[in-house]
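I have placed the structure first, in the form of structure tokens, so that the comments after it can refer back to it.
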Amino acid sequence: MKTWHLLASITLALLPGAATAQSTQPQGPGPAAGAGPAPGQRLTVDITGGISNKMPIAIPVMPTPNALPTPAGSTDALGNQVSEIITNDLKNSGLFAPLSKDQLRPVSFPQVSAPDYGAWLPTGAQALVQGFVQANGDGTLTVGCYLYDVFAKSEMVRQGFVVKPAEWRRGAHKCADTVYSRLTGEGPYFDSQVIYVSETGPKKNRTKRLAIMDQDGANHRFITNGQSLVLTPRFAPNRQTVVFMSFENDQPRVYVYDVGSGRKRLVVNQPYTTFAPRFSPDGHSILFSMIVNGNCDVYRVAASGGAPVRLTTSPGIDTGGSYSPDGSKIVFESDQSGTQQLYVMNADGSGQRRISFGGGRYATPVWSPRGDLIAYTHLGGGFAVGVMGTDGSGAKDLTNGWQDEGPTWAPNGRVLMFFRTAKGSGKADLWSVDLTGVNERAIPTPLDGSDPAWGPLLP
């Protein structure tokens with residue numbers, strides 16, 4: 001049958017032993033990709049305008065060449081779910097305006113790589129995302145992802161992702177990342193995870209557990225049981241290890257936790273309070289704060305353990321260290337000037353200099369993965385999340401909630417997640433905001449949430 005030959009031409013095998021989503025170029029049904037429009041005609045999204053400049057985009061249900069059952073559900077049902085996830089990812093970025101379901105039309109399998117541009121032009125969509133979901137003979141799934149310029153009638157992207165059925169959502173996120181990056185020029189961030197502190201209970205007696213979820217709130221799971229208070233979890237670059245502060249046995253200490261095995265160990269086995277941990281970009285070291293004889297300083301220790309190295313020596317409170325992406329510098333907070341401000345130093349502790357000089361106080365600094373900005377919590381009449389240049393220039397608050405704090409960067413350095421505490425209730429929720437300060441939204445979690453940390457892109 002012709003259909004079988006078409007299926008054979010687009011089957012993409014998962015490499016032996018691979019445990020991650022594989023990317024390749026699907027041949028797809030129909031003609032090969034066209035040359036596309038001239039460079040000056042390429043679709044682009046205005047990433048500075050935010051909500052007022054959303055690009056209309058059509059994301060119809062993805063067909064399947066053959067509806068087959070899989071451990072994740074039928075491939076035709078998955079085609080609908082995949083398109084919904086792509087729609088939500090792009091919509092939540094604040095840069096796209098996906099067409100509503102009543103504006104969409106069914107797409108047949110052969111039309112995936114040969115779109116009916118004439119049918120889409122009247123909708124006003126400037127871009128079109130089509131694709132397919134296919135069950136492969138080895139038990140994997142292929143999610144085909146195609147991006148078209150509707151007005152230029154040309155193909156912009158053709159990509160395929162092979163995933164295990166249990167990880168089918170990753171195929172959708174990877175497609176959304178591909179579309180997002182191609183149209184904005186920004187790095188991807190949808191196929192990533194967040195670790196945070198899940199909270200429940202009355203204001204003065206909160207139960208706090210560590211939880212991990214996808215960046216959109218899906219695949220949520222708890223990794224601690226709530227018997228001990230936990231704070232400030234941070235991923236290692238490999239995402240398999242987490243460092244956090246725990247009040248186990250009523251002693252505030254920093255622990256390293258292996259996500260796979262569930263085992264944990266003390267970072268520094270000394271009789272001192274340790275807190276505010278964070279991994280170095282290469283994962284070989286851990287920054288943390290330690291209080292010794294009433295003085296709080298920033299220290300570094302090998303991730304495998306060993307003797308800590310003291311990096312700050314001022315007679316005040318130095319804490320909250322965060323490395324630059326290249327590992328050469330550290331931003332931290334200190335009250336050595338009399339108020340809580342931000343400082344930058346070399347990785348060995350030398351060359352300390354203050355960079356924040358605005359009104360109020362500054363805390364919880366974290367370096368952007370792009371290296372160009374530092375996010376912070378601004379305390380002055382309230383709590384706000386903002387960003388400044390690495391030299392302190394251009395400081396700008398992005399939020400104005402009653403108590404917004406604890407920013408963490410998306411892998412692409414354009415979006416921040418933070419937590420917002422409602423006035424009077426003590427209940428906190430996770431939110432995100434982009435660098436325009438315009439696109440702000442709540443992140444769904446089953447319970448209250450605080451202290452988020454965004455992990456790197458999944459492999």
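We label chains A, B, ... in the order they appear in the structure tokens, count residues from 1 in each chain, and number ligands from 1 in the order shown.
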
Next on the checklist: Just list as a PyMOL selection string whatever in range 338-437 of chain A DSSP marks as strand (DSSP E).
Outcome noted: chain A and resi 341-346+353-354+361-367+373-379+383-389+396-397+404-409+415-421+428-434

Selected residues written out with N, CA and C atoms, as a short mmCIF file (atom, residue, chain, number, x, y, z; two decimals), in the first residue's frame:
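Contents of out34.cif, freshly written:
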```cif
data_model
loop_
_atom_site.label_atom_id
_atom_site.label_comp_id
_atom_site.auth_asym_id
_atom_site.auth_seq_id
_atom_site.Cartn_x
_atom_site.Cartn_y
_atom_site.Cartn_z
N GLN A 341 22.94 44.98 50.28
CA GLN A 341 23.23 45.38 48.91
C GLN A 341 23.90 44.23 48.16
N LEU A 342 24.04 44.40 46.85
CA LEU A 342 24.65 43.37 46.02
C LEU A 342 26.10 43.70 45.71
N TYR A 343 26.92 42.67 45.70
CA TYR A 343 28.36 42.77 45.44
C TYR A 343 28.77 41.69 44.44
N VAL A 344 29.81 41.98 43.69
CA VAL A 344 30.41 41.01 42.78
C VAL A 344 31.86 40.82 43.17
N MET A 345 32.32 39.57 43.12
CA MET A 345 33.73 39.27 43.40
C MET A 345 34.23 38.21 42.43
N ASN A 346 35.53 38.05 42.34
CA ASN A 346 36.10 36.96 41.57
C ASN A 346 35.81 35.64 42.27
N ARG A 353 33.35 44.20 44.95
CA ARG A 353 32.89 45.57 44.70
C ARG A 353 31.36 45.61 44.74
N ARG A 354 30.83 46.68 45.25
CA ARG A 354 29.38 46.86 45.33
C ARG A 354 28.83 47.27 43.98
N ARG A 361 16.78 48.03 49.73
CA ARG A 361 17.76 46.95 49.89
C ARG A 361 17.61 45.94 48.75
N TYR A 362 18.67 45.16 48.53
CA TYR A 362 18.70 44.18 47.45
C TYR A 362 19.15 42.83 48.00
N ALA A 363 18.49 41.77 47.52
CA ALA A 363 18.78 40.45 48.05
C ALA A 363 18.61 39.38 46.98
N THR A 364 18.91 38.14 47.32
CA THR A 364 18.76 36.92 46.50
C THR A 364 19.23 37.10 45.06
N PRO A 365 20.46 37.57 44.85
CA PRO A 365 20.91 37.76 43.46
C PRO A 365 21.17 36.43 42.77
N VAL A 366 20.90 36.38 41.47
CA VAL A 366 21.21 35.20 40.67
C VAL A 366 21.59 35.64 39.26
N TRP A 367 22.71 35.11 38.79
CA TRP A 367 23.27 35.51 37.49
C TRP A 367 22.50 34.86 36.36
N LEU A 373 22.83 39.74 32.73
CA LEU A 373 22.02 40.38 33.76
C LEU A 373 22.12 39.63 35.09
N ILE A 374 21.75 40.33 36.14
CA ILE A 374 21.62 39.74 37.47
C ILE A 374 20.21 40.03 37.96
N ALA A 375 19.48 38.99 38.33
CA ALA A 375 18.14 39.17 38.91
C ALA A 375 18.26 39.31 40.42
N TYR A 376 17.27 39.94 41.03
CA TYR A 376 17.35 40.22 42.46
C TYR A 376 15.95 40.38 43.05
N THR A 377 15.90 40.41 44.37
CA THR A 377 14.71 40.83 45.10
C THR A 377 14.99 42.23 45.64
N HIS A 378 14.09 43.17 45.33
CA HIS A 378 14.25 44.55 45.77
C HIS A 378 13.30 44.82 46.93
N LEU A 379 13.85 45.20 48.07
CA LEU A 379 13.06 45.47 49.26
C LEU A 379 13.03 46.97 49.51
N PHE A 383 8.19 44.03 48.28
CA PHE A 383 9.18 43.16 47.67
C PHE A 383 8.89 43.07 46.18
N ALA A 384 9.91 43.31 45.35
CA ALA A 384 9.75 43.23 43.91
C ALA A 384 10.90 42.45 43.31
N VAL A 385 10.65 41.80 42.20
CA VAL A 385 11.69 41.09 41.46
C VAL A 385 12.15 41.99 40.31
N GLY A 386 13.45 42.09 40.15
CA GLY A 386 13.97 42.95 39.10
C GLY A 386 15.27 42.42 38.54
N VAL A 387 15.84 43.18 37.58
CA VAL A 387 17.11 42.81 36.95
C VAL A 387 17.98 44.05 36.81
N MET A 388 19.29 43.83 36.77
CA MET A 388 20.25 44.90 36.53
C MET A 388 21.41 44.32 35.72
N GLY A 389 22.21 45.21 35.13
CA GLY A 389 23.41 44.78 34.45
C GLY A 389 24.40 44.21 35.45
N LYS A 396 16.06 47.57 37.06
CA LYS A 396 14.65 47.71 36.71
C LYS A 396 13.82 46.65 37.43
N ASP A 397 12.86 47.10 38.22
CA ASP A 397 11.93 46.16 38.84
C ASP A 397 10.92 45.69 37.80
N ASP A 404 7.00 39.86 46.29
CA ASP A 404 7.56 39.04 45.23
C ASP A 404 9.04 38.85 45.50
N GLU A 405 9.52 37.61 45.47
CA GLU A 405 10.92 37.38 45.83
C GLU A 405 11.44 36.07 45.26
N GLY A 406 12.74 35.87 45.43
CA GLY A 406 13.36 34.62 45.05
C GLY A 406 13.36 34.31 43.57
N PRO A 407 13.89 35.19 42.70
CA PRO A 407 13.85 34.92 41.27
C PRO A 407 14.78 33.78 40.86
N THR A 408 14.40 33.10 39.79
CA THR A 408 15.23 32.07 39.17
C THR A 408 15.06 32.16 37.66
N TRP A 409 16.12 31.94 36.93
CA TRP A 409 16.13 32.15 35.48
C TRP A 409 15.70 30.92 34.70
N VAL A 415 13.13 34.66 30.74
CA VAL A 415 11.98 34.53 31.63
C VAL A 415 12.48 34.23 33.04
N LEU A 416 11.77 34.77 34.01
CA LEU A 416 12.09 34.54 35.42
C LEU A 416 10.89 33.92 36.12
N MET A 417 11.16 33.00 37.03
CA MET A 417 10.13 32.50 37.92
C MET A 417 10.46 33.01 39.32
N PHE A 418 9.42 33.22 40.14
CA PHE A 418 9.60 33.72 41.50
C PHE A 418 8.41 33.28 42.31
N PHE A 419 8.40 33.63 43.60
CA PHE A 419 7.21 33.33 44.39
C PHE A 419 6.63 34.59 45.00
N ARG A 420 5.31 34.59 45.08
CA ARG A 420 4.55 35.75 45.55
C ARG A 420 3.73 35.33 46.76
N THR A 421 3.90 36.06 47.85
CA THR A 421 3.17 35.78 49.09
C THR A 421 2.00 36.74 49.22
N ALA A 428 2.01 31.35 49.68
CA ALA A 428 2.81 31.76 48.53
C ALA A 428 2.48 30.93 47.31
N ASP A 429 2.65 31.53 46.14
CA ASP A 429 2.43 30.84 44.87
C ASP A 429 3.55 31.18 43.91
N LEU A 430 3.74 30.33 42.92
CA LEU A 430 4.78 30.55 41.92
C LEU A 430 4.23 31.37 40.76
N TRP A 431 5.06 32.28 40.27
CA TRP A 431 4.71 33.13 39.14
C TRP A 431 5.91 33.22 38.20
N SER A 432 5.65 33.66 36.98
CA SER A 432 6.73 33.95 36.05
C SER A 432 6.51 35.32 35.42
N VAL A 433 7.59 35.91 34.96
CA VAL A 433 7.55 37.20 34.28
C VAL A 433 8.70 37.24 33.29
N ASP A 434 8.50 37.90 32.14
CA ASP A 434 9.61 38.00 31.20
C ASP A 434 10.32 39.34 31.38
#
```

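Put simply, CA of Gly371 in chain A is 21.7 Å away from CA of Arg182 in chain A.
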
Checklist entry - Hey, what's within 7 Å of range 305-316 of chain A if we count only C-alpha atoms and toss same-chain stuff fewer than 4 positions away? As a PyMOL selection string, please? => result chain A and resi 267+295-301+334-336+348-349

Take the residues from that selection and write them out as a compact mmCIF listing (two decimals), in the first residue's frame, keeping C-alpha atoms.
```
# COMPACT_ATOMS: atom_id res chain seq x y z
CA VAL A 267 27.60 19.22 52.47
CA ASN A 295 29.76 35.97 61.55
CA CYS A 296 28.11 34.92 58.27
CA ASP A 297 30.25 34.48 55.15
CA VAL A 298 30.13 32.88 51.72
CA TYR A 299 32.07 29.62 51.37
CA ARG A 300 32.91 27.18 48.61
CA VAL A 301 33.29 23.42 48.95
CA SER A 334 26.11 41.81 52.03
CA ASP A 335 25.29 44.43 54.64
CA GLN A 336 28.91 45.56 54.98
CA ASP A 348 38.42 33.13 44.60
CA GLY A 349 36.90 35.92 46.70
```

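Using only C-alpha atoms, the nearest neighbour of Arg169 in chain A within the list A:Ala218, A:Ala303, A:Leu68, A:Leu43 is A:Ala218.
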
Item to check | range 160-341 of chain A: residues DSSP assigns to alpha helix (DSSP H), reported as a VMD selection string | outcome: chain A and resid 168 to 184

Could you please take those selected residues and save all heavy atoms as a compact mmCIF listing (two decimals), in the first residue's frame?
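Below is the file out-v9.txt, written as the result:
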```txt
# COMPACT_ATOMS: atom_id res chain seq x y z
N TRP A 168 6.05 11.49 26.31
CA TRP A 168 5.47 12.07 25.10
C TRP A 168 5.32 13.58 25.20
O TRP A 168 5.41 14.28 24.18
CB TRP A 168 4.10 11.43 24.83
CG TRP A 168 3.04 11.74 25.84
CD1 TRP A 168 2.74 11.03 26.96
CD2 TRP A 168 2.14 12.86 25.83
NE1 TRP A 168 1.72 11.62 27.67
CE2 TRP A 168 1.32 12.75 26.98
CE3 TRP A 168 1.93 13.92 24.96
CZ2 TRP A 168 0.32 13.68 27.29
CZ3 TRP A 168 0.94 14.86 25.26
CH2 TRP A 168 0.15 14.72 26.41
N ARG A 169 5.11 14.09 26.42
CA ARG A 169 4.97 15.54 26.57
C ARG A 169 6.24 16.27 26.14
O ARG A 169 6.19 17.40 25.68
CB ARG A 169 4.62 15.91 28.01
CG ARG A 169 3.28 15.38 28.51
CD ARG A 169 3.03 15.82 29.95
NE ARG A 169 2.92 17.27 30.05
CZ ARG A 169 1.78 17.94 29.96
NH1 ARG A 169 0.64 17.29 29.78
NH2 ARG A 169 1.77 19.26 30.04
N ARG A 170 7.39 15.59 26.30
CA ARG A 170 8.64 16.22 25.90
C ARG A 170 8.69 16.48 24.40
O ARG A 170 9.29 17.46 23.95
CB ARG A 170 9.82 15.36 26.32
CG ARG A 170 10.04 15.28 27.84
CD ARG A 170 11.42 14.79 28.16
NE ARG A 170 12.41 15.65 27.53
CZ ARG A 170 13.67 15.27 27.30
NH1 ARG A 170 14.06 14.05 27.61
NH2 ARG A 170 14.52 16.11 26.74
N GLY A 171 8.08 15.58 23.62
CA GLY A 171 8.02 15.83 22.18
C GLY A 171 7.28 17.11 21.86
O GLY A 171 7.67 17.87 20.97
N ALA A 172 6.19 17.36 22.60
CA ALA A 172 5.43 18.60 22.40
C ALA A 172 6.25 19.81 22.81
O ALA A 172 6.29 20.83 22.11
CB ALA A 172 4.13 18.53 23.19
N HIS A 173 6.90 19.73 23.99
CA HIS A 173 7.70 20.87 24.45
C HIS A 173 8.86 21.15 23.49
O HIS A 173 9.21 22.32 23.23
CB HIS A 173 8.24 20.60 25.85
CG HIS A 173 7.21 20.63 26.93
ND1 HIS A 173 6.27 21.64 27.04
CD2 HIS A 173 6.97 19.78 27.97
CE1 HIS A 173 5.50 21.41 28.09
NE2 HIS A 173 5.90 20.30 28.66
N LYS A 174 9.47 20.09 22.98
CA LYS A 174 10.58 20.30 22.05
C LYS A 174 10.11 20.95 20.75
O LYS A 174 10.82 21.78 20.17
CB LYS A 174 11.30 18.98 21.79
CG LYS A 174 12.23 18.55 22.91
CD LYS A 174 12.99 17.31 22.54
CE LYS A 174 14.10 17.03 23.57
NZ LYS A 174 15.17 18.06 23.55
N CYS A 175 8.93 20.57 20.29
CA CYS A 175 8.38 21.22 19.10
C CYS A 175 8.12 22.70 19.38
O CYS A 175 8.47 23.56 18.57
CB CYS A 175 7.10 20.51 18.66
SG CYS A 175 6.34 21.23 17.18
N ALA A 176 7.52 22.98 20.53
CA ALA A 176 7.26 24.38 20.90
C ALA A 176 8.56 25.16 21.01
O ALA A 176 8.65 26.32 20.58
CB ALA A 176 6.48 24.43 22.21
N ASP A 177 9.59 24.54 21.58
CA ASP A 177 10.90 25.20 21.69
C ASP A 177 11.47 25.50 20.30
O ASP A 177 12.04 26.57 20.07
CB ASP A 177 11.88 24.30 22.45
CG ASP A 177 11.83 24.50 23.96
OD1 ASP A 177 11.50 25.61 24.39
OD2 ASP A 177 12.16 23.55 24.69
N THR A 178 11.32 24.57 19.38
CA THR A 178 11.83 24.76 18.02
C THR A 178 11.15 25.94 17.34
O THR A 178 11.79 26.78 16.71
CB THR A 178 11.61 23.47 17.19
OG1 THR A 178 12.32 22.40 17.80
CG2 THR A 178 12.09 23.65 15.77
N VAL A 179 9.82 25.99 17.47
CA VAL A 179 9.06 27.09 16.87
C VAL A 179 9.42 28.42 17.52
O VAL A 179 9.67 29.43 16.84
CB VAL A 179 7.55 26.81 17.00
CG1 VAL A 179 6.73 28.03 16.56
CG2 VAL A 179 7.17 25.59 16.18
N TYR A 180 9.44 28.42 18.85
CA TYR A 180 9.76 29.63 19.60
C TYR A 180 11.14 30.19 19.20
O TYR A 180 11.28 31.39 18.92
CB TYR A 180 9.73 29.30 21.10
CG TYR A 180 10.17 30.42 22.01
CD1 TYR A 180 9.26 31.35 22.48
CD2 TYR A 180 11.50 30.52 22.42
CE1 TYR A 180 9.66 32.38 23.34
CE2 TYR A 180 11.90 31.54 23.28
CZ TYR A 180 10.99 32.47 23.74
OH TYR A 180 11.40 33.47 24.58
N SER A 181 12.14 29.32 19.16
CA SER A 181 13.49 29.77 18.85
C SER A 181 13.60 30.27 17.42
O SER A 181 14.27 31.27 17.15
CB SER A 181 14.49 28.63 19.09
OG SER A 181 14.54 28.29 20.46
N ARG A 182 12.93 29.57 16.50
CA ARG A 182 13.02 29.98 15.09
C ARG A 182 12.37 31.34 14.85
O ARG A 182 12.87 32.15 14.06
CB ARG A 182 12.35 28.92 14.20
CG ARG A 182 12.33 29.27 12.72
CD ARG A 182 13.76 29.38 12.19
NE ARG A 182 13.76 29.82 10.81
CZ ARG A 182 13.68 31.10 10.43
NH1 ARG A 182 13.59 32.06 11.34
NH2 ARG A 182 13.70 31.41 9.15
N LEU A 183 11.28 31.62 15.54
CA LEU A 183 10.55 32.86 15.29
C LEU A 183 11.03 34.03 16.14
O LEU A 183 10.81 35.18 15.78
CB LEU A 183 9.05 32.64 15.52
CG LEU A 183 8.36 31.72 14.51
CD1 LEU A 183 6.91 31.51 14.90
CD2 LEU A 183 8.45 32.29 13.09
N THR A 184 11.66 33.76 17.28
CA THR A 184 12.09 34.85 18.16
C THR A 184 13.58 35.09 18.15
O THR A 184 14.05 36.16 18.51
CB THR A 184 11.67 34.57 19.62
OG1 THR A 184 12.42 33.45 20.11
CG2 THR A 184 10.18 34.31 19.73
```

Per residue of range 106-195 of chain A within 10 Å of range 55-66 of chain A, record the nearest atom pair and its distance in Å to one decimal, counting only C-alpha atoms, with rows in chain order and ascending residue number, as JSON lines.
```
{"residue": "A:Pro106", "atom": "CA", "partner": "A:Pro60", "partner_atom": "CA", "distance": 6.7}
{"residue": "A:Val107", "atom": "CA", "partner": "A:Pro63", "partner_atom": "CA", "distance": 6.6}
{"residue": "A:Ser108", "atom": "CA", "partner": "A:Pro63", "partner_atom": "CA", "distance": 6.2}
{"residue": "A:Phe109", "atom": "CA", "partner": "A:Pro63", "partner_atom": "CA", "distance": 5.7}
{"residue": "A:Pro110", "atom": "CA", "partner": "A:Pro65", "partner_atom": "CA", "distance": 8.7}
{"residue": "A:Gln111", "atom": "CA", "partner": "A:Pro63", "partner_atom": "CA", "distance": 9.5}
{"residue": "A:Val112", "atom": "CA", "partner": "A:Pro63", "partner_atom": "CA", "distance": 8.1}
{"residue": "A:Trp120", "atom": "CA", "partner": "A:Ala58", "partner_atom": "CA", "distance": 8.1}
{"residue": "A:Thr123", "atom": "CA", "partner": "A:Ala58", "partner_atom": "CA", "distance": 8.5}
{"residue": "A:Gly124", "atom": "CA", "partner": "A:Pro56", "partner_atom": "CA", "distance": 6.8}
{"residue": "A:Ala125", "atom": "CA", "partner": "A:Pro56", "partner_atom": "CA", "distance": 4.7}
{"residue": "A:Gln126", "atom": "CA", "partner": "A:Pro56", "partner_atom": "CA", "distance": 5.7}
{"residue": "A:Ala127", "atom": "CA", "partner": "A:Ile57", "partner_atom": "CA", "distance": 4.8}
{"residue": "A:Leu128", "atom": "CA", "partner": "A:Ala58", "partner_atom": "CA", "distance": 4.8}
{"residue": "A:Val129", "atom": "CA", "partner": "A:Ile59", "partner_atom": "CA", "distance": 4.9}
{"residue": "A:Gln130", "atom": "CA", "partner": "A:Ile59", "partner_atom": "CA", "distance": 6.4}
{"residue": "A:Gly131", "atom": "CA", "partner": "A:Met62", "partner_atom": "CA", "distance": 5.2}
{"residue": "A:Phe132", "atom": "CA", "partner": "A:Met62", "partner_atom": "CA", "distance": 4.8}
{"residue": "A:Val133", "atom": "CA", "partner": "A:Thr64", "partner_atom": "CA", "distance": 5.1}
{"residue": "A:Gln134", "atom": "CA", "partner": "A:Thr64", "partner_atom": "CA", "distance": 5.8}
{"residue": "A:Ala135", "atom": "CA", "partner": "A:Asn66", "partner_atom": "CA", "distance": 8.1}
{"residue": "A:Val143", "atom": "CA", "partner": "A:Met62", "partner_atom": "CA", "distance": 9.0}
{"residue": "A:Gly144", "atom": "CA", "partner": "A:Met62", "partner_atom": "CA", "distance": 8.8}
{"residue": "A:Cys145", "atom": "CA", "partner": "A:Met62", "partner_atom": "CA", "distance": 9.2}
{"residue": "A:Leu147", "atom": "CA", "partner": "A:Ile59", "partner_atom": "CA", "distance": 9.6}
{"residue": "A:Tyr148", "atom": "CA", "partner": "A:Ala58", "partner_atom": "CA", "distance": 9.8}
{"residue": "A:Asp149", "atom": "CA", "partner": "A:Ile57", "partner_atom": "CA", "distance": 9.7}
{"residue": "A:Val150", "atom": "CA", "partner": "A:Ile57", "partner_atom": "CA", "distance": 9.3}
{"residue": "A:Leu183", "atom": "CA", "partner": "A:Met55", "partner_atom": "CA", "distance": 9.5}
```

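Restricting the calculation to only C-alpha atoms, the smallest distance between Leu457 in chain A and any of A:Asp214, A:Glu84, A:Glu333, A:Asp250 is found for A:Asp214.
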
Checklist entry - What lies within 12 Å of Pro71 in chain A using only C-alpha atoms, ignoring chain neighbours under 3 positions off, as a PyMOL selection string? => result chain A and resi 68+74-75+78+135+139-141+164-168

Item to check | Counting only C-alpha atoms, the residue of A:Val82, A:Val256, A:Ile355, A:Val194 that sits nearest His220 in chain A | outcome: A:Val194

Checklist entry - What's the 12 Å shell around Thr232 in chain A, counting only C-alpha atoms, without same-chain residues fewer than 5 positions away, as a PyMOL selection string? => result chain A and resi 195-198+208-211+242-247+252-256+274-278+288+320+364+406-408+418-419+449-454

Checklist entry - Contacts of Ala236 in chain A at 6 Å or less, counting only C-alpha atoms, minus same-chain residues fewer than 4 places along, as a PyMOL selection string? => result chain A and resi 241-242+279+283

Checklist entry - Rounded to one decimal in Å, what is the spacing between CA of Ser154 in chain A and CA of Pro411 in chain A? => result 29.8 Å
